[in-house]
Amino acid sequence: MRCPNCGSTKSIVKEKRPVKNKPEITRRRRECLVCKTRWTTHELLAGKVDIPTSHTG
Ligand SMILES: [Zn+2]
């Protein structure tokens with residue numbers, strides 16, 4: 001998973017939670033070790049696809 005700010009692949013997972021009603025998707029809080037940027041990803045368990053979350057509900 002690349003940092004959206006600097007493009008580094010050196011990131012750690014700060015928090016990991018399942019998404020309601022979507023048990024195959026895991027929501028992860030990540031932090032870049034290089035620039036300290038934090039961001040959230042939604043990943044499918046199979047394939048680890050990063051899903052854009054532009055809308056809610
Ligand atoms: Zn970074």
# chains A, B, ... in the order shown; residues from 1 in each chain; ligands from 1
$ residues_around --residues "Glu31 in chain A" --least-positions-apart "5" --cutoff "9 Å" --atoms "only C-alpha atoms" --output "PyMOL selection string"
chain A and resi 3+10-14+36-40
$ residues_near_ligand --ligand "ligand 1" --cutoff "7 Å" --atoms "only C-alpha atoms and all ligand atoms" --output "MDAnalysis selection string"
chainID A and resid 3:8 32:37
$ write_last_selection --atoms "all heavy atoms" --output "tab-separated table (two decimals), in the first residue's frame"
chain	number	residue	atom	x	y	z
A	3	CYS	N	1.88	5.25	0.17
A	3	CYS	CA	1.47	6.49	0.81
A	3	CYS	C	0.92	7.45	-0.23
A	3	CYS	O	1.56	7.68	-1.26
A	3	CYS	CB	2.67	7.10	1.53
A	3	CYS	SG	2.38	8.77	2.12
A	4	PRO	N	-0.26	8.03	0.01
A	4	PRO	CA	-0.85	8.97	-0.95
A	4	PRO	C	-0.10	10.29	-1.02
A	4	PRO	O	-0.27	11.07	-1.95
A	4	PRO	CB	-2.28	9.17	-0.43
A	4	PRO	CG	-2.19	8.87	1.03
A	4	PRO	CD	-1.12	7.82	1.17
A	5	ASN	N	0.75	10.54	-0.04
A	5	ASN	CA	1.48	11.79	0.00
A	5	ASN	C	2.85	11.70	-0.66
A	5	ASN	O	3.19	12.49	-1.53
A	5	ASN	CB	1.63	12.25	1.46
A	5	ASN	CG	2.26	13.62	1.57
A	5	ASN	OD1	1.85	14.55	0.90
A	5	ASN	ND2	3.28	13.74	2.39
A	6	CYS	N	3.66	10.72	-0.25
A	6	CYS	CA	5.03	10.64	-0.75
A	6	CYS	C	5.29	9.40	-1.60
A	6	CYS	O	6.34	9.27	-2.21
A	6	CYS	CB	6.02	10.70	0.42
A	6	CYS	SG	6.06	9.19	1.41
A	7	GLY	N	4.34	8.45	-1.65
A	7	GLY	CA	4.49	7.28	-2.50
A	7	GLY	C	5.29	6.17	-1.87
A	7	GLY	O	5.54	5.14	-2.50
A	8	SER	N	5.72	6.34	-0.61
A	8	SER	CA	6.48	5.29	0.06
A	8	SER	C	5.62	4.08	0.36
A	8	SER	O	4.43	4.20	0.62
A	8	SER	CB	7.06	5.85	1.36
A	8	SER	OG	7.62	4.81	2.13
A	32	CYS	N	2.18	6.45	7.35
A	32	CYS	CA	3.43	6.38	6.60
A	32	CYS	C	4.61	6.59	7.56
A	32	CYS	O	4.59	7.51	8.37
A	32	CYS	CB	3.44	7.44	5.51
A	32	CYS	SG	4.98	7.50	4.59
A	33	LEU	N	5.63	5.71	7.45
A	33	LEU	CA	6.78	5.84	8.33
A	33	LEU	C	7.74	6.93	7.88
A	33	LEU	O	8.61	7.35	8.61
A	33	LEU	CB	7.53	4.50	8.39
A	33	LEU	CG	6.75	3.34	9.03
A	33	LEU	CD1	7.55	2.06	8.95
A	33	LEU	CD2	6.41	3.64	10.47
A	34	VAL	N	7.56	7.38	6.64
A	34	VAL	CA	8.47	8.38	6.08
A	34	VAL	C	7.99	9.80	6.38
A	34	VAL	O	8.73	10.62	6.91
A	34	VAL	CB	8.64	8.18	4.56
A	34	VAL	CG1	9.54	9.24	3.96
A	34	VAL	CG2	9.21	6.78	4.28
A	35	CYS	N	6.71	10.09	6.04
A	35	CYS	CA	6.22	11.47	6.17
A	35	CYS	C	5.12	11.59	7.23
A	35	CYS	O	4.59	12.67	7.44
A	35	CYS	CB	5.72	11.98	4.81
A	35	CYS	SG	4.23	11.16	4.23
A	36	LYS	N	4.78	10.47	7.89
A	36	LYS	CA	3.81	10.47	8.99
A	36	LYS	C	2.38	10.79	8.56
A	36	LYS	O	1.53	11.09	9.38
A	36	LYS	CB	4.22	11.45	10.10
A	36	LYS	CG	5.62	11.19	10.64
A	36	LYS	CD	5.74	9.79	11.21
A	36	LYS	CE	7.15	9.55	11.77
A	36	LYS	NZ	7.34	8.16	12.22
A	37	THR	N	2.12	10.73	7.24
A	37	THR	CA	0.76	10.91	6.77
A	37	THR	C	-0.11	9.74	7.20
A	37	THR	O	0.32	8.60	7.16
A	37	THR	CB	0.73	11.02	5.23
A	37	THR	OG1	1.42	12.22	4.85
A	37	THR	CG2	-0.69	11.07	4.68
$ residues_around --residues "Glu24 in chain A" --least-positions-apart "4" --cutoff "9 Å" --atoms "only C-alpha atoms" --output "list in words"
Pro18, Val19, Glu43, Leu44, Leu45 and Ala46 of chain A
